[in-house]
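Okay, model_19.tsv now, which holds TSV, C-alpha atoms and all ligand atoms:
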chain	number	residue	atom	x	y	z
A	1	MET	CA	49.08	7.01	88.01
A	2	ASP	CA	50.86	9.71	85.97
A	3	ASN	CA	50.27	13.41	86.45
A	4	ILE	CA	49.27	15.77	83.63
A	5	ALA	CA	48.85	19.57	83.74
A	6	ILE	CA	47.22	22.20	81.57
A	7	LEU	CA	47.60	25.98	81.28
A	8	CYS	CA	46.17	28.80	79.17
A	9	SER	CA	48.53	31.48	77.86
A	10	GLY	CA	48.21	34.67	75.79
A	11	GLY	CA	44.81	36.03	74.78
A	12	ASP	CA	41.91	34.06	76.25
A	13	VAL	CA	39.33	32.65	73.87
A	14	SER	CA	35.81	31.35	74.17
A	15	GLY	CA	36.26	27.59	74.11
A	16	MET	CA	38.97	27.35	76.77
A	17	ASN	CA	36.48	26.39	79.49
A	18	PRO	CA	34.97	23.51	77.49
A	19	ALA	CA	38.56	22.37	76.85
A	20	LEU	CA	39.36	22.45	80.59
A	21	LYS	CA	36.23	20.49	81.41
A	22	HIS	CA	37.08	17.78	78.94
A	23	PHE	CA	40.72	17.79	80.05
A	24	VAL	CA	39.69	16.79	83.56
A	25	GLU	CA	37.15	14.20	82.41
A	26	TYR	CA	39.34	12.57	79.76
A	27	SER	CA	42.47	12.55	81.96
A	28	LEU	CA	40.59	10.72	84.73
A	29	LYS	CA	39.15	8.29	82.19
A	30	LYS	CA	42.71	7.55	81.04
A	31	ASP	CA	43.96	7.07	84.64
A	32	LEU	CA	45.91	10.32	84.66
A	33	ILE	CA	45.80	12.80	87.54
A	34	PRO	CA	44.85	16.23	86.13
A	35	TYR	CA	46.38	19.46	87.42
A	36	PHE	CA	45.47	23.07	86.64
A	37	ILE	CA	48.19	25.69	86.33
A	38	TYR	CA	46.67	29.10	87.08
A	39	ASP	CA	47.64	32.36	85.28
A	40	GLY	CA	49.57	30.77	82.42
A	41	TYR	CA	53.37	30.72	82.62
A	42	GLU	CA	53.18	33.10	85.60
A	43	GLY	CA	51.46	30.37	87.61
A	44	LEU	CA	54.07	27.87	86.49
A	45	ILE	CA	56.76	30.14	87.91
A	46	ASN	CA	54.74	30.96	91.07
A	47	ASN	CA	53.90	27.29	91.67
A	48	ASP	CA	50.18	28.05	91.44
A	49	ILE	CA	49.45	24.46	90.41
A	50	LYS	CA	46.55	22.51	91.88
A	51	LYS	CA	44.94	19.11	91.39
A	52	ALA	CA	41.73	19.44	89.36
A	53	THR	CA	38.52	17.57	90.09
A	54	TYR	CA	35.11	17.10	88.45
A	55	LYS	CA	33.80	19.69	90.90
A	56	ASP	CA	36.17	22.36	89.51
A	57	VAL	CA	34.74	22.01	86.02
A	58	ALA	CA	31.04	21.61	86.83
A	59	GLY	CA	28.89	24.20	85.09
A	60	ILE	CA	31.64	25.87	83.05
A	61	ILE	CA	30.96	24.54	79.55
A	62	ASN	CA	28.78	27.52	78.61
A	63	ARG	CA	31.16	30.16	79.97
A	64	GLY	CA	33.61	32.22	77.92
A	65	GLY	CA	37.12	32.99	79.17
A	66	THR	CA	39.04	30.48	81.27
A	67	ILE	CA	38.47	29.55	84.91
A	68	ILE	CA	42.23	29.00	85.35
A	69	ARG	CA	42.88	32.44	83.86
A	70	SER	CA	45.47	33.33	81.23
A	71	ALA	CA	48.44	35.68	81.39
A	72	ARG	CA	51.28	37.24	79.48
A	73	SER	CA	54.44	36.52	81.46
A	74	LYS	CA	57.51	38.68	80.97
A	75	ARG	CA	59.42	36.55	83.47
A	76	PHE	CA	58.97	33.40	81.35
A	77	MET	CA	61.16	35.11	78.72
A	78	HIS	CA	64.11	34.60	81.09
A	79	LYS	CA	65.85	31.27	81.65
A	80	LYS	CA	66.18	31.68	85.40
A	81	TYR	CA	62.37	31.77	85.73
A	82	ARG	CA	61.87	28.90	83.28
A	83	ASP	CA	64.25	26.88	85.49
A	84	ILE	CA	62.02	27.64	88.48
A	85	ALA	CA	58.98	26.59	86.43
A	86	LYS	CA	60.59	23.24	85.63
A	87	LYS	CA	61.54	22.68	89.28
A	88	ASN	CA	57.91	23.30	90.29
A	89	LEU	CA	56.71	20.68	87.82
A	90	ASP	CA	59.37	18.22	88.96
A	91	THR	CA	58.44	18.69	92.63
A	92	LEU	CA	54.85	17.73	91.82
A	93	ASN	CA	56.04	14.91	89.58
A	94	ILE	CA	54.26	16.38	86.56
A	95	ASP	CA	55.89	15.31	83.32
A	96	LYS	CA	53.07	15.92	80.86
A	97	LEU	CA	51.97	19.42	79.93
A	98	ILE	CA	49.24	20.79	77.67
A	99	VAL	CA	49.38	24.45	76.64
A	100	LEU	CA	46.45	26.31	75.12
A	101	GLY	CA	47.69	29.49	73.47
A	102	GLY	CA	48.83	31.41	70.43
A	103	ASP	CA	52.08	31.67	68.53
A	104	GLY	CA	53.86	33.65	71.27
A	105	SER	CA	52.95	31.04	73.88
A	106	PHE	CA	54.20	28.29	71.59
A	107	THR	CA	57.52	30.08	71.02
A	108	GLY	CA	57.96	30.14	74.80
A	109	LEU	CA	56.93	26.51	75.09
A	110	HIS	CA	59.38	25.50	72.38
A	111	ILE	CA	62.26	27.22	74.22
A	112	PHE	CA	61.13	25.58	77.49
A	113	PHE	CA	61.13	22.19	75.76
A	114	LYS	CA	64.61	22.66	74.27
A	115	GLU	CA	65.98	23.53	77.72
A	116	THR	CA	64.16	20.92	79.80
A	117	GLY	CA	62.85	18.17	77.51
A	118	ILE	CA	59.36	18.53	79.05
A	119	LYS	CA	56.79	16.30	77.37
A	120	PHE	CA	54.11	18.57	76.00
A	121	CYS	CA	51.35	18.93	73.48
A	122	ALA	CA	50.13	22.33	72.27
A	123	ILE	CA	46.54	23.23	71.39
A	124	PRO	CA	46.11	26.23	69.06
A	125	ALA	CA	43.81	28.73	70.77
A	126	THR	CA	43.68	32.29	69.49
A	127	ILE	CA	40.93	34.27	67.80
A	128	ASP	CA	43.57	35.63	65.38
A	129	ASN	CA	43.69	32.23	63.59
A	130	ASP	CA	47.32	32.96	62.77
A	131	ILE	CA	49.14	29.79	63.80
A	132	THR	CA	51.15	28.01	61.13
A	133	GLY	CA	50.20	24.41	60.41
A	134	THR	CA	46.54	24.49	61.40
A	135	ASP	CA	43.48	25.74	59.53
A	136	TYR	CA	41.63	26.32	62.79
A	137	CYS	CA	42.43	27.69	66.23
A	138	LEU	CA	40.05	27.31	69.15
A	139	GLY	CA	37.87	30.39	69.72
A	140	VAL	CA	37.70	31.61	66.13
A	141	ASP	CA	34.13	30.49	65.49
A	142	SER	CA	32.81	32.09	68.69
A	143	ALA	CA	34.62	35.35	67.82
A	144	LEU	CA	33.20	35.30	64.28
A	145	ASN	CA	29.70	34.83	65.67
A	146	ILE	CA	30.11	37.84	67.97
A	147	ILE	CA	31.37	39.91	65.02
A	148	LYS	CA	28.45	38.72	62.89
A	149	SER	CA	25.89	39.81	65.52
A	150	SER	CA	27.66	43.16	65.91
A	151	ILE	CA	27.68	43.85	62.18
A	152	ASP	CA	24.02	42.88	61.89
A	153	SER	CA	23.14	45.36	64.65
A	154	ILE	CA	25.31	48.10	63.15
A	155	ARG	CA	23.70	47.57	59.75
A	156	ASP	CA	20.30	48.42	61.28
A	157	THR	CA	21.50	51.78	62.56
A	158	ALA	CA	23.67	52.51	59.49
A	159	SER	CA	20.67	52.11	57.18
A	160	SER	CA	18.44	54.25	59.42
A	161	PHE	CA	20.81	57.21	59.26
A	162	ARG	CA	22.51	57.03	55.83
A	163	ARG	CA	25.94	56.41	57.26
A	164	ALA	CA	29.14	54.59	56.47
A	165	PHE	CA	30.30	52.40	59.34
A	166	VAL	CA	33.92	51.42	59.68
A	167	ILE	CA	34.00	48.31	61.86
A	168	GLU	CA	37.38	47.32	63.23
A	169	THR	CA	38.10	43.71	64.10
A	170	MET	CA	40.97	42.17	66.06
A	171	GLY	CA	43.55	39.83	64.55
A	172	ARG	CA	46.89	41.61	65.03
A	173	ASP	CA	48.74	41.18	61.71
A	174	CYS	CA	46.33	38.56	60.42
A	175	GLY	CA	43.23	39.61	58.49
A	176	TYR	CA	41.32	36.34	58.89
A	177	LEU	CA	38.55	37.65	61.16
A	178	ALA	CA	38.00	40.74	59.00
A	179	LEU	CA	38.06	38.82	55.74
A	180	VAL	CA	35.65	36.06	56.78
A	181	SER	CA	33.36	38.62	58.44
A	182	ALA	CA	33.33	40.78	55.30
A	183	LEU	CA	32.58	37.83	53.03
A	184	THR	CA	29.75	36.63	55.25
A	185	SER	CA	28.15	40.00	55.97
A	186	GLY	CA	28.10	41.46	52.47
A	187	ALA	CA	30.41	44.34	53.42
A	188	GLU	CA	31.16	46.90	50.72
A	189	LEU	CA	34.79	47.27	51.76
A	190	CYS	CA	37.30	44.99	53.49
A	191	LEU	CA	40.83	46.07	54.34
A	192	ILE	CA	43.35	43.60	55.77
A	193	PRO	CA	47.12	43.69	56.31
A	194	GLU	CA	47.79	40.92	53.77
A	195	ILE	CA	46.51	42.93	50.80
A	196	LYS	CA	47.85	46.29	49.69
A	197	TYR	CA	45.06	48.73	48.96
A	198	ASN	CA	44.57	52.19	47.56
A	199	LEU	CA	41.36	53.94	48.57
A	200	LYS	CA	41.39	55.85	45.27
A	201	TYR	CA	40.43	52.59	43.59
A	202	TYR	CA	37.00	52.68	45.31
A	203	GLU	CA	36.22	56.39	44.90
A	204	LYS	CA	34.41	56.40	41.56
A	205	ASP	CA	32.46	53.24	42.30
A	206	PHE	CA	31.33	54.33	45.78
A	207	THR	CA	30.29	57.87	44.76
A	208	GLU	CA	28.32	56.45	41.86
A	209	GLN	CA	26.65	53.96	44.19
A	210	ILE	CA	25.47	56.87	46.35
A	211	LYS	CA	24.12	58.67	43.26
A	212	ASN	CA	22.27	55.49	42.37
A	213	GLY	CA	20.57	55.36	45.77
A	214	ARG	CA	22.89	53.50	48.13
A	215	LYS	CA	22.00	54.51	51.67
A	216	TYR	CA	24.86	53.11	53.72
A	217	PHE	CA	28.22	51.38	53.58
A	218	ILE	CA	29.69	48.71	55.81
A	219	ALA	CA	33.50	48.61	55.84
A	220	ILE	CA	35.28	45.89	57.80
A	221	VAL	CA	38.90	46.71	58.60
A	222	SER	CA	41.45	44.65	60.45
A	223	GLU	CA	43.34	46.28	63.33
A	224	GLY	CA	46.64	45.44	61.58
A	225	ILE	CA	46.23	47.72	58.52
A	226	LYS	CA	48.52	50.72	58.14
A	227	GLN	CA	45.79	53.38	58.48
A	228	SER	CA	43.60	53.94	61.52
A	229	SER	CA	39.87	53.26	61.34
A	230	LEU	CA	39.31	56.97	61.92
A	231	GLU	CA	41.29	57.79	58.78
A	232	ILE	CA	39.11	55.40	56.77
A	233	ALA	CA	35.99	57.03	58.26
A	234	ASN	CA	37.34	60.50	57.34
A	235	TRP	CA	37.86	59.29	53.78
A	236	PHE	CA	34.19	58.26	53.62
A	237	GLU	CA	33.12	61.70	54.87
A	238	GLU	CA	35.49	63.87	52.86
A	239	THR	CA	35.93	61.95	49.61
A	240	ILE	CA	32.84	59.77	49.25
A	241	GLY	CA	30.55	62.34	50.86
A	242	ILE	CA	28.68	60.27	53.44
A	243	GLU	CA	28.54	60.76	57.18
A	244	SER	CA	30.55	58.07	58.90
A	245	ARG	CA	31.17	56.42	62.25
A	246	VAL	CA	33.82	54.09	63.62
A	247	SER	CA	33.04	51.04	65.71
A	248	VAL	CA	36.02	49.28	67.26
A	249	LEU	CA	34.68	45.91	68.39
A	250	GLY	CA	37.60	45.24	70.75
A	251	HIS	CA	37.48	42.67	73.51
A	252	ILE	CA	33.85	41.66	73.07
A	253	GLN	CA	35.27	39.45	70.29
A	254	ARG	CA	37.12	37.35	72.86
A	255	GLY	CA	34.26	36.78	75.29
A	256	GLY	CA	30.81	35.29	75.31
A	257	ASN	CA	29.22	31.91	75.26
A	258	PRO	CA	31.35	29.35	73.32
A	259	SER	CA	29.71	28.30	70.04
A	260	ILE	CA	28.74	24.67	69.43
A	261	TYR	CA	31.61	24.39	66.97
A	262	ASP	CA	34.14	25.60	69.56
A	263	ARG	CA	32.74	23.26	72.22
A	264	LEU	CA	33.15	20.33	69.85
A	265	MET	CA	36.59	21.45	68.70
A	266	ALA	CA	37.67	21.91	72.33
A	267	TYR	CA	36.59	18.33	73.04
A	268	LYS	CA	38.48	16.95	70.06
A	269	PHE	CA	41.63	19.06	70.51
A	270	VAL	CA	41.90	17.83	74.12
A	271	ASN	CA	41.32	14.20	73.16
A	272	TYR	CA	44.06	14.39	70.55
A	273	ALA	CA	46.45	16.19	72.91
A	274	ILE	CA	46.09	13.66	75.74
A	275	ASP	CA	46.29	10.74	73.29
A	276	ALA	CA	49.51	12.21	71.87
A	277	LEU	CA	51.11	12.35	75.31
A	278	LEU	CA	49.99	8.79	76.10
A	279	ASP	CA	51.29	7.57	72.74
A	280	LYS	CA	54.62	9.31	73.36
A	281	LYS	CA	54.08	11.74	70.45
A	282	GLU	CA	55.59	14.58	72.44
A	283	GLY	CA	56.75	17.99	71.26
A	284	CYS	CA	53.87	18.57	68.90
A	285	MET	CA	50.80	20.69	68.29
A	286	VAL	CA	47.39	19.25	67.52
A	287	SER	CA	46.49	20.57	64.11
A	288	TYR	CA	43.23	20.68	62.16
A	289	CYS	CA	43.96	20.64	58.44
A	290	LYS	CA	41.66	19.97	55.52
A	291	SER	CA	38.95	18.78	57.92
A	292	LYS	CA	41.21	16.24	59.63
A	293	PHE	CA	43.17	16.21	62.88
A	294	CYS	CA	46.88	15.49	62.83
A	295	TYR	CA	50.04	16.45	64.72
A	296	LYS	CA	52.66	19.01	63.67
A	297	SER	CA	56.12	19.42	65.16
A	298	LEU	CA	56.18	22.59	67.25
A	299	ASN	CA	59.63	23.32	65.89
A	300	ASP	CA	58.12	23.64	62.39
A	301	VAL	CA	55.11	25.59	63.68
A	302	VAL	CA	57.13	28.30	65.42
A	303	ASN	CA	59.79	28.56	62.74
A	304	THR	CA	57.48	28.95	59.75
A	305	ILE	CA	55.78	32.23	58.85
A	306	HIS	CA	52.00	32.04	58.81
A	307	HIS	CA	50.17	32.86	55.56
A	308	LEU	CA	46.47	33.40	55.18
A	309	ASP	CA	44.71	30.81	53.03
A	310	LYS	CA	45.25	31.71	49.36
A	311	GLU	CA	41.75	30.73	48.27
A	312	LEU	CA	40.16	32.98	50.90
A	313	LEU	CA	42.40	35.86	49.84
A	314	SER	CA	41.45	35.38	46.21
A	315	PHE	CA	37.78	36.07	47.06
A	316	LEU	CA	38.70	39.65	47.94
A	317	ASP	CA	39.86	40.47	44.40
B	401	LIG	P1	47.48	35.68	71.23
B	401	LIG	O1	47.73	35.32	69.79
B	401	LIG	O2	46.08	35.41	71.64
B	401	LIG	O3	47.94	37.05	71.62
B	401	LIG	P2	49.94	34.53	72.14
B	401	LIG	O4	50.24	33.20	72.74
B	401	LIG	O5	50.54	34.82	70.80
B	401	LIG	O6	48.36	34.67	72.13
B	401	LIG	P3	51.78	36.37	73.44
B	401	LIG	O7	51.51	37.53	74.32
B	401	LIG	O8	52.53	36.62	72.18
B	401	LIG	O9	50.36	35.69	73.17
B	401	LIG	O10	52.61	35.27	74.28
B	401	LIG	C1	52.09	34.77	75.50
B	401	LIG	C2	53.22	34.49	76.45
B	401	LIG	O11	54.11	33.50	75.89
B	401	LIG	C3	54.14	35.65	76.77
B	401	LIG	O12	53.59	36.53	77.71
B	401	LIG	C4	55.35	34.93	77.32
B	401	LIG	O13	55.11	34.51	78.65
B	401	LIG	C5	55.41	33.69	76.44
B	401	LIG	N1	56.39	33.93	75.36
B	401	LIG	C6	56.20	34.54	74.18
B	401	LIG	N2	57.35	34.63	73.48
B	401	LIG	C7	58.31	34.06	74.25
B	401	LIG	C8	59.73	33.85	74.13
B	401	LIG	N3	60.40	34.25	73.04
B	401	LIG	N4	60.37	33.25	75.15
B	401	LIG	C9	59.71	32.84	76.25
B	401	LIG	N5	58.39	33.02	76.43
B	401	LIG	C10	57.69	33.62	75.47

Can you turn what I pasted into structure tokens?
Amino acid sequence: MDNIAILCSGGDVSGMNPALKHFVEYSLKKDLIPYFIYDGYEGLINNDIKKATYKDVAGIINRGGTIIRSARSKRFMHKKYRDIAKKNLDTLNIDKLIVLGGDGSFTGLHIFFKETGIKFCAIPATIDNDITGTDYCLGVDSALNIIKSSIDSIRDTASSFRRAFVIETMGRDCGYLALVSALTSGAELCLIPEIKYNLKYYEKDFTEQIKNGRKYFIAIVSEGIKQSSLEIANWFEETIGIESRVSVLGHIQRGGNPSIYDRLMAYKFVNYAIDALLDKKEGCMVSYCKSKFCYKSLNDVVNTIHHLDKELLSFLD
């Protein structure tokens, strides 16, 4: 029987645990021996690699985060530690590796592959939804649902007090979470890094809306925009003339119970990843494009700049 290992790297997402559960079950079904690597690339370097059993994954499907933990590893940036990581895999006779992570993790994986030839398959997992070559990354739906509930709650208090609320979402340099949240929550303002904006453009419209009886504003801003959320809130107070508050959603967006969509996507991503390794389609990422699964070369994924979907962007005009 061949050995296969999995690790989580970079920001954790809700959906990793369902993926780990299915990894164990589907590996065993395919006569592979599953291993967990704890703490991402750090665990690979520290040889924190253990055989996984059904017992390890019992009762985890409804839990956010990842039972094998994730990490950001500075040491994995250096060849001498990547060499140790490869030796650890060789000692355990593990020649198949699945990595759940974001673009940084995949850059590291690509370098590791070029140096060692390790057979791997990558699964896109980041709430930022900023990986080239796939329309969907695991965890995005669960994060959007958390944001939706938060905005709905904030709307209640905003309307009770006549306030503008500036709600900041995660996403690094990608405005996907903010944009989709704004479109689906009826926000009055959405600011994302991909689109240049000038607040002056909204002044006349917003002040007139207040004169005409508007009681509150909801502004969704992505953490990657040039101004701080506080500056946007000050603009509401000083220029538009409405009391304002900032709500930085932060890490609650990464946690919580995985949505049905993420549980199903976790299941499918893992199936496709293990099948790829069994079919000798190594060196790729499982991608979900135009409602279909396929495989993309990781070389292309990490060497191509990510762009937000043009159609989605056009809705903000
Ligand atoms: P998220 O999008 O959720 O933040 P990510 O995978 O992009 O996830 P990063 O912190 O960028 O998160 O990367 C995770 C880890 O990948 C790093 O801590 C490091 O161990 C590894 N990594 C990133 N870039 C490189 C690189 N150039 N060389 C080697 N390893 C790297």

Distance in Å - CA of Asp135 (chain A) versus CA of Leu308 (chain A):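 If I compute the distance from CA of Asp135 (chain A) to CA of Leu308 (chain A), I get 9.3 Å.
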
Nearby residues, ligand LIG 401 (chain B), 6 Å, only C-alpha atoms and all ligand atoms, as a PyMOL selection string: chain A and resi 9-11+41+72-74+76-77+101-105+107-108+126

Need the neighbours of (46.2, 20.6, 64.4): which residues are at most 8 Å away, counting all atoms listed in the file, as a PDB file with C-alpha atoms, keeping the file's coordinate frame?
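Written output follows (part14.pdb):
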ATOM      1  CA  ILE A 123      46.540  23.230  71.390  1.00  0.00           C
ATOM      2  CA  PRO A 124      46.110  26.230  69.060  1.00  0.00           C
ATOM      3  CA  GLY A 133      50.200  24.410  60.410  1.00  0.00           C
ATOM      4  CA  THR A 134      46.540  24.490  61.400  1.00  0.00           C
ATOM      5  CA  ASP A 135      43.480  25.740  59.530  1.00  0.00           C
ATOM      6  CA  TYR A 136      41.630  26.320  62.790  1.00  0.00           C
ATOM      7  CA  PHE A 269      41.630  19.060  70.510  1.00  0.00           C
ATOM      8  CA  MET A 285      50.800  20.690  68.290  1.00  0.00           C
ATOM      9  CA  VAL A 286      47.390  19.250  67.520  1.00  0.00           C
ATOM     10  CA  SER A 287      46.490  20.570  64.110  1.00  0.00           C
ATOM     11  CA  TYR A 288      43.230  20.680  62.160  1.00  0.00           C
ATOM     12  CA  CYS A 289      43.960  20.640  58.440  1.00  0.00           C
ATOM     13  CA  PHE A 293      43.170  16.210  62.880  1.00  0.00           C
ATOM     14  CA  CYS A 294      46.880  15.490  62.830  1.00  0.00           C
ATOM     15  CA  TYR A 295      50.040  16.450  64.720  1.00  0.00           C
ATOM     16  CA  LYS A 296      52.660  19.010  63.670  1.00  0.00           C
TER      17      LYS A 296
END

Distance in Å - CA of Gly64 (chain A) versus CA of Val180 (chain A): 21.6 Å

Atomic distance CA of Glu194 (chain A) - CA of Ile210 (chain A), expressed in Å with one decimal: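 That distance, rounded to one decimal, is 28.4 Å.
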
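Residues of protein, DNA or RNA having at least one counted atom within 10 Å of (32.8, 24.6, 83.5), given all atoms listed in the file, are A:Met16, A:Asn17, A:Pro18, A:Ala19, A:Leu20, A:Lys21, A:His22, A:Tyr54, A:Lys55, A:Asp56, A:Val57, A:Ala58, A:Gly59, A:Ile60, A:Ile61, A:Asn62, A:Arg63, A:Gly64, A:Thr66, A:Ile67.
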
Polymer residues at most 12 Å from Asp156 (chain A), all atoms listed in the file, same-chain spacing of 4 or more positions, as a ChimeraX atom specification: /A:149-152,160-165,215-218

Among listed residues A:Thr53, A:Asp309, A:Ala187, A:Val302, nearest Glu25 (chain A) (using only C-alpha atoms):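 Answer, going by the shortest atom-to-atom distance: A:Thr53.
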
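Considering all atoms listed in the file, the residue among A:Ser244, A:Gln253, A:Asn198, A:Ser297 positioned nearest to Gly171 (chain A) is A:Gln253.
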
Can you report as lines of an AutoDock Vina configuration file the centre and edge lengths in Å, to one decimal, of an axis-aligned box around the listed atoms of region 58-62 of chain A padded with 5 Å on each side?
center_x = 30.2
center_y = 24.6
center_z = 82.7
size_x = 12.9
size_y = 15.9
size_z = 18.2

Surrounding residues of Gly250 (chain A) excluding itself and chain neighbours under 3 positions, 8 Å, all atoms listed in the file, as a PyMOL selection string: chain A and resi 168-170+253

A:Leu7, A:Ala178, A:Ala143, A:Ile192 ranked by distance to Tyr261 (chain A), top pick (using only C-alpha atoms):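 That would be A:Ala143, the residue with the smallest distance to Tyr261 (chain A).
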
Residue nearest Lys51 (chain A) among A:Ile6, A:Ile225, A:Val140, A:Tyr26 (counting all atoms listed in the file): A:Ile6

Which residue of A:Lys119, A:Lys290, A:Lys211, A:Arg155 approaches Gly186 (chain A) most closely, using all atoms listed in the file: A:Arg155

Who sits within 12 Å of Met1 (chain A), all atoms listed in the file, same chain under 4 positions skipped, as a PyMOL selection string: chain A and resi 27-34+93-95

Residue with smallest distance to Ser159 (chain A) - pool A:Lys96, A:Arg214, A:Asp130, A:Phe120, counting all atoms listed in the file: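 Among the listed residues, A:Arg214 lies closest to Ser159 (chain A).
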